[in-house]
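Shown next: coords35.txt, containing compact mmCIF, N, CA and C atoms.
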# COMPACT_ATOMS: atom_id res chain seq x y z
N MET U 1 0.83 -1.18 0.00
CA MET U 1 0.00 0.00 0.00
C MET U 1 0.87 1.24 0.00
N ARG U 2 2.06 1.11 0.53
CA ARG U 2 2.98 2.24 0.53
C ARG U 2 3.21 2.72 -0.91
N ALA U 3 3.24 1.78 -1.85
CA ALA U 3 3.43 2.14 -3.27
C ALA U 3 2.30 3.05 -3.74
N LEU U 4 1.07 2.74 -3.35
CA LEU U 4 -0.07 3.57 -3.75
C LEU U 4 0.04 4.96 -3.14
N LEU U 5 0.36 5.02 -1.86
CA LEU U 5 0.48 6.30 -1.18
C LEU U 5 1.58 7.15 -1.81
N LEU U 6 2.72 6.53 -2.10
CA LEU U 6 3.82 7.26 -2.74
C LEU U 6 3.44 7.72 -4.15
N ALA U 7 2.77 6.85 -4.89
CA ALA U 7 2.37 7.20 -6.26
C ALA U 7 1.39 8.38 -6.25
N VAL U 8 0.39 8.31 -5.39
CA VAL U 8 -0.58 9.40 -5.31
C VAL U 8 0.11 10.69 -4.88
N SER U 9 0.99 10.61 -3.90
CA SER U 9 1.71 11.79 -3.43
C SER U 9 2.54 12.41 -4.55
N PHE U 10 3.25 11.56 -5.29
CA PHE U 10 4.08 12.04 -6.39
C PHE U 10 3.24 12.71 -7.46
N VAL U 11 2.18 12.04 -7.87
CA VAL U 11 1.32 12.56 -8.93
C VAL U 11 0.70 13.88 -8.52
N VAL U 12 0.22 13.97 -7.31
CA VAL U 12 -0.38 15.22 -6.83
C VAL U 12 0.66 16.33 -6.78
N ALA U 13 1.87 16.02 -6.31
CA ALA U 13 2.92 17.03 -6.21
C ALA U 13 3.30 17.55 -7.59
N VAL U 14 3.37 16.68 -8.57
CA VAL U 14 3.79 17.08 -9.91
C VAL U 14 2.70 17.83 -10.65
N PHE U 15 1.46 17.34 -10.55
CA PHE U 15 0.38 17.89 -11.37
C PHE U 15 -0.60 18.78 -10.63
N SER U 16 -0.40 18.97 -9.36
CA SER U 16 -1.37 19.69 -8.54
C SER U 16 -1.55 21.14 -8.95
N THR U 17 -2.83 21.56 -8.89
CA THR U 17 -3.13 22.96 -9.14
C THR U 17 -3.74 23.60 -7.89
N ALA U 18 -3.86 22.82 -6.83
CA ALA U 18 -4.47 23.34 -5.59
C ALA U 18 -3.49 24.25 -4.90
N SER U 19 -4.04 25.23 -4.20
CA SER U 19 -3.17 26.18 -3.54
C SER U 19 -2.83 25.76 -2.12
N ALA U 20 -3.80 25.46 -1.32
CA ALA U 20 -3.53 25.14 0.08
C ALA U 20 -4.42 24.00 0.52
N GLY U 21 -4.03 23.38 1.63
CA GLY U 21 -4.83 22.29 2.16
C GLY U 21 -4.51 20.96 1.50
N LYS U 22 -5.23 19.97 1.95
CA LYS U 22 -5.03 18.62 1.41
C LYS U 22 -5.66 18.50 0.03
N SER U 23 -4.99 17.77 -0.83
CA SER U 23 -5.52 17.51 -2.16
C SER U 23 -6.70 16.56 -2.06
N LYS U 24 -7.71 16.77 -2.92
CA LYS U 24 -8.91 15.95 -2.89
C LYS U 24 -8.73 14.73 -3.79
N VAL U 25 -9.04 13.56 -3.23
CA VAL U 25 -8.92 12.29 -3.93
C VAL U 25 -10.26 11.56 -3.87
N ALA U 26 -10.68 11.02 -5.01
CA ALA U 26 -11.90 10.21 -5.08
C ALA U 26 -11.50 8.78 -5.42
N ILE U 27 -12.10 7.84 -4.72
CA ILE U 27 -11.85 6.42 -4.98
C ILE U 27 -13.12 5.83 -5.55
N THR U 28 -13.04 5.31 -6.77
CA THR U 28 -14.20 4.68 -7.38
C THR U 28 -14.32 3.24 -6.88
N LYS U 29 -15.43 2.60 -7.22
CA LYS U 29 -15.63 1.20 -6.84
C LYS U 29 -14.51 0.37 -7.45
N ILE U 30 -13.94 -0.53 -6.64
CA ILE U 30 -12.88 -1.41 -7.11
C ILE U 30 -13.53 -2.67 -7.66
N ASP U 31 -13.34 -2.94 -8.96
CA ASP U 31 -13.91 -4.14 -9.57
C ASP U 31 -13.35 -5.39 -8.88
N GLY U 32 -14.23 -6.31 -8.53
CA GLY U 32 -13.82 -7.55 -7.88
C GLY U 32 -13.75 -7.46 -6.36
N ASP U 33 -14.01 -6.27 -5.81
CA ASP U 33 -13.99 -6.05 -4.36
C ASP U 33 -15.44 -6.02 -3.86
N SER U 34 -16.06 -7.20 -3.84
CA SER U 34 -17.51 -7.28 -3.59
C SER U 34 -17.94 -6.73 -2.23
N ASN U 35 -17.11 -6.85 -1.21
CA ASN U 35 -17.51 -6.35 0.11
C ASN U 35 -16.87 -4.99 0.44
N ALA U 36 -16.24 -4.36 -0.55
CA ALA U 36 -15.62 -3.03 -0.42
C ALA U 36 -14.52 -2.98 0.65
N GLU U 37 -13.94 -4.12 0.98
CA GLU U 37 -12.87 -4.18 1.97
C GLU U 37 -11.62 -3.43 1.49
N VAL U 38 -11.23 -3.65 0.24
CA VAL U 38 -10.05 -3.00 -0.31
C VAL U 38 -10.30 -1.51 -0.49
N GLN U 39 -11.49 -1.16 -0.96
CA GLN U 39 -11.85 0.25 -1.12
C GLN U 39 -11.75 0.98 0.22
N GLY U 40 -12.25 0.36 1.27
CA GLY U 40 -12.17 0.95 2.61
C GLY U 40 -10.73 1.08 3.10
N ALA U 41 -9.91 0.07 2.81
CA ALA U 41 -8.50 0.12 3.21
C ALA U 41 -7.76 1.22 2.45
N LEU U 42 -8.09 1.39 1.18
CA LEU U 42 -7.49 2.49 0.40
C LEU U 42 -7.85 3.83 1.02
N LYS U 43 -9.11 3.99 1.35
CA LYS U 43 -9.55 5.26 1.95
C LYS U 43 -8.80 5.52 3.25
N GLU U 44 -8.71 4.50 4.08
CA GLU U 44 -8.02 4.65 5.37
C GLU U 44 -6.55 5.02 5.18
N ALA U 45 -5.90 4.38 4.20
CA ALA U 45 -4.48 4.64 3.96
C ALA U 45 -4.24 6.05 3.40
N LEU U 46 -5.13 6.50 2.53
CA LEU U 46 -4.95 7.81 1.90
C LEU U 46 -5.44 8.97 2.75
N ALA U 47 -6.35 8.70 3.69
CA ALA U 47 -6.98 9.76 4.48
C ALA U 47 -6.00 10.54 5.36
N GLU U 48 -4.86 9.95 5.69
CA GLU U 48 -3.90 10.65 6.53
C GLU U 48 -3.26 11.84 5.80
N ASP U 49 -3.07 11.69 4.49
CA ASP U 49 -2.36 12.71 3.72
C ASP U 49 -3.22 13.46 2.71
N PHE U 50 -4.43 12.96 2.46
CA PHE U 50 -5.29 13.55 1.45
C PHE U 50 -6.71 13.70 1.98
N SER U 51 -7.47 14.57 1.37
CA SER U 51 -8.89 14.71 1.68
C SER U 51 -9.62 13.73 0.75
N VAL U 52 -10.13 12.63 1.30
CA VAL U 52 -10.77 11.60 0.50
C VAL U 52 -12.27 11.88 0.42
N ILE U 53 -12.76 12.01 -0.79
CA ILE U 53 -14.18 12.27 -1.02
C ILE U 53 -14.96 11.01 -0.67
N SER U 54 -16.10 11.16 -0.03
CA SER U 54 -16.87 10.00 0.43
C SER U 54 -17.29 9.12 -0.74
N PHE U 55 -17.42 7.82 -0.46
CA PHE U 55 -17.86 6.87 -1.48
C PHE U 55 -19.25 7.25 -1.98
N LYS U 56 -20.10 7.70 -1.04
CA LYS U 56 -21.47 8.07 -1.40
C LYS U 56 -21.46 9.22 -2.41
N GLU U 57 -20.66 10.24 -2.15
CA GLU U 57 -20.58 11.39 -3.05
C GLU U 57 -19.99 10.98 -4.41
N THR U 58 -18.97 10.13 -4.38
CA THR U 58 -18.35 9.65 -5.63
C THR U 58 -19.34 8.84 -6.45
N ASN U 59 -20.05 7.91 -5.78
CA ASN U 59 -21.03 7.07 -6.48
C ASN U 59 -22.19 7.90 -7.04
N LYS U 60 -22.60 8.92 -6.28
CA LYS U 60 -23.67 9.80 -6.74
C LYS U 60 -23.25 10.54 -8.01
N ALA U 61 -22.01 11.03 -8.03
CA ALA U 61 -21.49 11.74 -9.21
C ALA U 61 -21.37 10.78 -10.40
N LEU U 62 -20.92 9.55 -10.14
CA LEU U 62 -20.82 8.55 -11.21
C LEU U 62 -22.20 8.29 -11.82
N ALA U 63 -23.21 8.15 -10.96
CA ALA U 63 -24.57 7.88 -11.43
C ALA U 63 -25.13 9.08 -12.20
N LYS U 64 -24.90 10.28 -11.68
CA LYS U 64 -25.41 11.49 -12.33
C LYS U 64 -24.80 11.66 -13.72
N LEU U 65 -23.51 11.31 -13.83
CA LEU U 65 -22.83 11.42 -15.13
C LEU U 65 -23.07 10.19 -16.01
N GLU U 66 -23.82 9.24 -15.46
CA GLU U 66 -24.12 7.98 -16.15
C GLU U 66 -22.86 7.25 -16.59
N LEU U 67 -21.89 7.19 -15.68
CA LEU U 67 -20.63 6.50 -15.93
C LEU U 67 -20.67 5.14 -15.24
N ASP U 68 -20.64 4.10 -16.04
CA ASP U 68 -20.57 2.76 -15.45
C ASP U 68 -19.76 1.88 -16.38
N GLY U 69 -19.54 0.66 -15.96
CA GLY U 69 -18.72 -0.24 -16.77
C GLY U 69 -17.26 0.13 -16.65
N ASP U 70 -16.63 0.42 -17.78
CA ASP U 70 -15.21 0.75 -17.81
C ASP U 70 -15.04 2.18 -18.31
N PRO U 71 -15.06 3.17 -17.41
CA PRO U 71 -14.97 4.58 -17.82
C PRO U 71 -13.66 4.89 -18.57
N THR U 72 -13.76 5.80 -19.52
CA THR U 72 -12.59 6.24 -20.28
C THR U 72 -11.91 7.40 -19.55
N ASP U 73 -10.79 7.84 -20.09
CA ASP U 73 -10.09 8.99 -19.51
C ASP U 73 -10.98 10.24 -19.55
N LYS U 74 -11.76 10.38 -20.63
CA LYS U 74 -12.68 11.52 -20.74
C LYS U 74 -13.73 11.46 -19.63
N ASP U 75 -14.21 10.25 -19.34
CA ASP U 75 -15.20 10.07 -18.27
C ASP U 75 -14.61 10.46 -16.92
N PHE U 76 -13.36 10.07 -16.70
CA PHE U 76 -12.72 10.42 -15.43
C PHE U 76 -12.46 11.93 -15.33
N ALA U 77 -12.23 12.57 -16.47
CA ALA U 77 -12.07 14.04 -16.47
C ALA U 77 -13.37 14.69 -16.01
N LYS U 78 -14.50 14.19 -16.51
CA LYS U 78 -15.81 14.72 -16.11
C LYS U 78 -16.05 14.48 -14.62
N LEU U 79 -15.69 13.29 -14.14
CA LEU U 79 -15.87 12.96 -12.73
C LEU U 79 -15.01 13.86 -11.85
N ALA U 80 -13.76 14.04 -12.23
CA ALA U 80 -12.86 14.90 -11.46
C ALA U 80 -13.39 16.33 -11.38
N GLU U 81 -13.92 16.80 -12.49
CA GLU U 81 -14.49 18.15 -12.51
C GLU U 81 -15.73 18.24 -11.62
N ALA U 82 -16.60 17.24 -11.72
CA ALA U 82 -17.84 17.25 -10.92
C ALA U 82 -17.55 17.20 -9.43
N LEU U 83 -16.51 16.47 -9.04
CA LEU U 83 -16.18 16.32 -7.63
C LEU U 83 -15.15 17.34 -7.14
N GLU U 84 -14.62 18.13 -8.08
CA GLU U 84 -13.53 19.05 -7.77
C GLU U 84 -12.36 18.30 -7.15
N ALA U 85 -12.08 17.13 -7.71
CA ALA U 85 -10.99 16.27 -7.22
C ALA U 85 -9.76 16.42 -8.10
N GLU U 86 -8.61 16.31 -7.49
CA GLU U 86 -7.37 16.36 -8.25
C GLU U 86 -6.96 14.97 -8.73
N VAL U 87 -7.36 13.96 -7.99
CA VAL U 87 -6.96 12.59 -8.31
C VAL U 87 -8.17 11.67 -8.21
N ILE U 88 -8.29 10.76 -9.19
CA ILE U 88 -9.28 9.70 -9.15
C ILE U 88 -8.51 8.39 -9.09
N VAL U 89 -8.84 7.55 -8.12
CA VAL U 89 -8.21 6.24 -7.98
C VAL U 89 -9.23 5.20 -8.42
N SER U 90 -8.83 4.38 -9.38
CA SER U 90 -9.67 3.33 -9.91
C SER U 90 -8.88 2.03 -9.84
N GLY U 91 -9.57 0.91 -9.78
CA GLY U 91 -8.81 -0.33 -9.71
C GLY U 91 -9.61 -1.58 -9.98
N LYS U 92 -8.87 -2.67 -10.09
CA LYS U 92 -9.45 -3.98 -10.31
C LYS U 92 -8.71 -4.97 -9.41
N LEU U 93 -9.48 -5.78 -8.69
CA LEU U 93 -8.91 -6.75 -7.77
C LEU U 93 -8.97 -8.12 -8.43
N ASP U 94 -7.82 -8.78 -8.51
CA ASP U 94 -7.71 -10.11 -9.09
C ASP U 94 -7.16 -11.08 -8.05
N GLY U 95 -7.52 -12.33 -8.21
CA GLY U 95 -6.96 -13.38 -7.35
C GLY U 95 -7.89 -13.78 -6.23
N LYS U 96 -7.80 -15.01 -5.89
CA LYS U 96 -8.57 -15.56 -4.77
C LYS U 96 -7.61 -16.33 -3.87
N GLY U 97 -8.00 -16.52 -2.65
CA GLY U 97 -7.13 -17.25 -1.75
C GLY U 97 -6.17 -16.34 -1.02
N ASP U 98 -4.92 -16.82 -0.88
CA ASP U 98 -3.94 -16.12 -0.06
C ASP U 98 -3.38 -14.84 -0.69
N THR U 99 -3.19 -14.83 -2.00
CA THR U 99 -2.57 -13.68 -2.62
C THR U 99 -3.53 -13.02 -3.61
N LYS U 100 -3.66 -11.71 -3.47
CA LYS U 100 -4.52 -10.93 -4.36
C LYS U 100 -3.66 -9.85 -5.02
N THR U 101 -4.09 -9.41 -6.19
CA THR U 101 -3.39 -8.34 -6.90
C THR U 101 -4.38 -7.21 -7.16
N LEU U 102 -4.02 -6.02 -6.74
CA LEU U 102 -4.82 -4.83 -7.00
C LEU U 102 -4.13 -4.07 -8.12
N LYS U 103 -4.82 -3.97 -9.26
CA LYS U 103 -4.31 -3.20 -10.40
C LYS U 103 -4.92 -1.81 -10.29
N VAL U 104 -4.07 -0.82 -10.09
CA VAL U 104 -4.51 0.54 -9.81
C VAL U 104 -4.26 1.45 -11.00
N LYS U 105 -5.22 2.34 -11.26
CA LYS U 105 -5.07 3.41 -12.24
C LYS U 105 -5.27 4.72 -11.50
N LEU U 106 -4.33 5.64 -11.66
CA LEU U 106 -4.45 6.97 -11.07
C LEU U 106 -4.69 7.98 -12.18
N TYR U 107 -5.74 8.75 -12.04
CA TYR U 107 -6.06 9.80 -12.99
C TYR U 107 -5.88 11.14 -12.29
N VAL U 108 -5.15 12.02 -12.92
CA VAL U 108 -4.93 13.36 -12.35
C VAL U 108 -5.58 14.37 -13.29
N THR U 109 -6.47 15.15 -12.73
CA THR U 109 -7.23 16.15 -13.49
C THR U 109 -7.69 15.60 -14.83
N GLY U 110 -8.20 14.35 -14.79
CA GLY U 110 -8.80 13.74 -15.96
C GLY U 110 -7.88 13.05 -16.93
N LYS U 111 -6.58 13.08 -16.71
CA LYS U 111 -5.63 12.44 -17.61
C LYS U 111 -5.04 11.21 -16.95
N LYS U 112 -5.04 10.09 -17.69
CA LYS U 112 -4.45 8.88 -17.13
C LYS U 112 -2.97 9.13 -16.92
N SER U 113 -2.51 8.95 -15.70
CA SER U 113 -1.12 9.30 -15.44
C SER U 113 -0.27 8.12 -14.98
N LYS U 114 -0.87 7.14 -14.33
CA LYS U 114 -0.05 6.08 -13.74
C LYS U 114 -0.86 4.81 -13.60
N LYS U 115 -0.22 3.68 -13.91
CA LYS U 115 -0.81 2.35 -13.70
C LYS U 115 0.22 1.50 -12.98
N PHE U 116 -0.23 0.77 -11.98
CA PHE U 116 0.67 -0.15 -11.30
C PHE U 116 -0.13 -1.19 -10.55
N SER U 117 0.55 -2.21 -10.03
CA SER U 117 -0.10 -3.30 -9.30
C SER U 117 0.49 -3.44 -7.91
N VAL U 118 -0.35 -3.87 -6.98
CA VAL U 118 0.08 -4.13 -5.61
C VAL U 118 -0.41 -5.53 -5.24
N GLN U 119 0.49 -6.39 -4.76
CA GLN U 119 0.10 -7.72 -4.31
C GLN U 119 0.04 -7.72 -2.79
N PHE U 120 -0.97 -8.42 -2.25
CA PHE U 120 -1.14 -8.48 -0.80
C PHE U 120 -1.94 -9.72 -0.43
N GLY U 121 -1.93 -10.03 0.85
CA GLY U 121 -2.68 -11.17 1.36
C GLY U 121 -3.94 -10.74 2.08
N ASN U 122 -3.85 -9.69 2.88
CA ASN U 122 -4.98 -9.24 3.68
C ASN U 122 -5.05 -7.72 3.66
N ALA U 123 -6.17 -7.19 3.20
CA ALA U 123 -6.33 -5.74 3.09
C ALA U 123 -6.40 -5.06 4.45
N LYS U 124 -6.66 -5.81 5.50
CA LYS U 124 -6.76 -5.22 6.83
C LYS U 124 -5.42 -5.22 7.57
N SER U 125 -4.39 -5.81 6.98
CA SER U 125 -3.09 -5.88 7.64
C SER U 125 -2.38 -4.53 7.62
N ASP U 126 -1.48 -4.34 8.56
CA ASP U 126 -0.70 -3.11 8.61
C ASP U 126 0.18 -2.95 7.38
N LYS U 127 0.69 -4.05 6.84
CA LYS U 127 1.54 -3.98 5.65
C LYS U 127 0.78 -3.42 4.46
N PHE U 128 -0.49 -3.75 4.33
CA PHE U 128 -1.29 -3.25 3.23
C PHE U 128 -1.45 -1.74 3.35
N LYS U 129 -1.59 -1.25 4.55
CA LYS U 129 -1.83 0.17 4.79
C LYS U 129 -0.57 1.01 4.68
N ARG U 130 0.59 0.39 4.73
CA ARG U 130 1.85 1.15 4.62
C ARG U 130 2.13 1.32 3.19

Can you give me the file's structure in the form of structure tokens?
Amino acid sequence: MRALLLAVSFVVAVFSTASAGKSKVAITKIDGDSNAEVQGALKEALAEDFSVISFKETNKALAKLELDGDPTDKDFAKLAEALEAEVIVSGKLDGKGDTKTLKVKLYVTGKKSKKFSVQFGNAKSDKFKR
């Protein structure tokens, strides 16, 4: 999880247009995360350094913009504008059993900027949150 935190921090520092305060980050539904455990862990990990927009507000904006399925970069630009967010975190969870892989996409002000994967065993562990 430390990789995600570092990636978001780097992307926000490089592309940020905000003047003061914490940068706003929205986390969309993670495909394959049926009980939202990973989504919640992401929020918890990012909340220390960023202002994380609520899932309810993010989902409401997604519905209002009629964005579902596999949103494009243009769709994420619209979402970022609607939420006044600097970063949108999207992802897909793969794997069952002991090892899972979270494939993350970071969008900054609507432009796809970074893709990477994180492997973990338990989203509630301290290692996942670091």

Legend entry - Expected residue set, 7 Å radius at (-10.0, -4.2, -9.1), only N, CA and C atoms, as a PyMOL selection string: chain U and resi 29-33+90-94+101-104

Taking 6 positions as the minimum chain separation for residues in the same chain, which residues sit within 8 Å of U:Leu65 when counting all atoms listed in the file? Answer as a PDB file with N, CA and C atoms, keeping the file's coordinate frame.
ATOM      1  N   ASN U  59     -20.050   7.910  -5.780  1.00  0.00           N
ATOM      2  CA  ASN U  59     -21.030   7.070  -6.480  1.00  0.00           C
ATOM      3  C   ASN U  59     -22.190   7.900  -7.040  1.00  0.00           C
ATOM      4  N   LYS U  78     -14.500  14.190 -16.510  1.00  0.00           N
ATOM      5  CA  LYS U  78     -15.810  14.720 -16.110  1.00  0.00           C
ATOM      6  C   LYS U  78     -16.050  14.480 -14.620  1.00  0.00           C
ATOM      7  N   LEU U  79     -15.690  13.290 -14.140  1.00  0.00           N
ATOM      8  CA  LEU U  79     -15.870  12.960 -12.730  1.00  0.00           C
ATOM      9  C   LEU U  79     -15.010  13.860 -11.850  1.00  0.00           C
TER      10      LEU U  79
END

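Taking atom C of U:Val108 and atom C of U:Ala85 as endpoints, the distance between them is 7.0 Å.
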
Legend entry - Radius query 6.5 Å about (-13.3, 5.0, -12.9), atoms used: only N, CA and C atoms, as a VMD selection string: chain U and resid 28 70 to 71 76 89 to 91

Legend entry - Distance in Å - atom CA of U:Ile53 versus atom CA of U:Ala82: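 A separation of 11.7 Å between them.
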
Inset, instruction - Point out the residue among U:Ala26, U:Gly21, U:Leu62, U:Asp98 with the least atom-to-atom distance to U:Asp49, counting all atoms listed in the file. - result: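 Under the stated criterion, the closest residue is U:Gly21.
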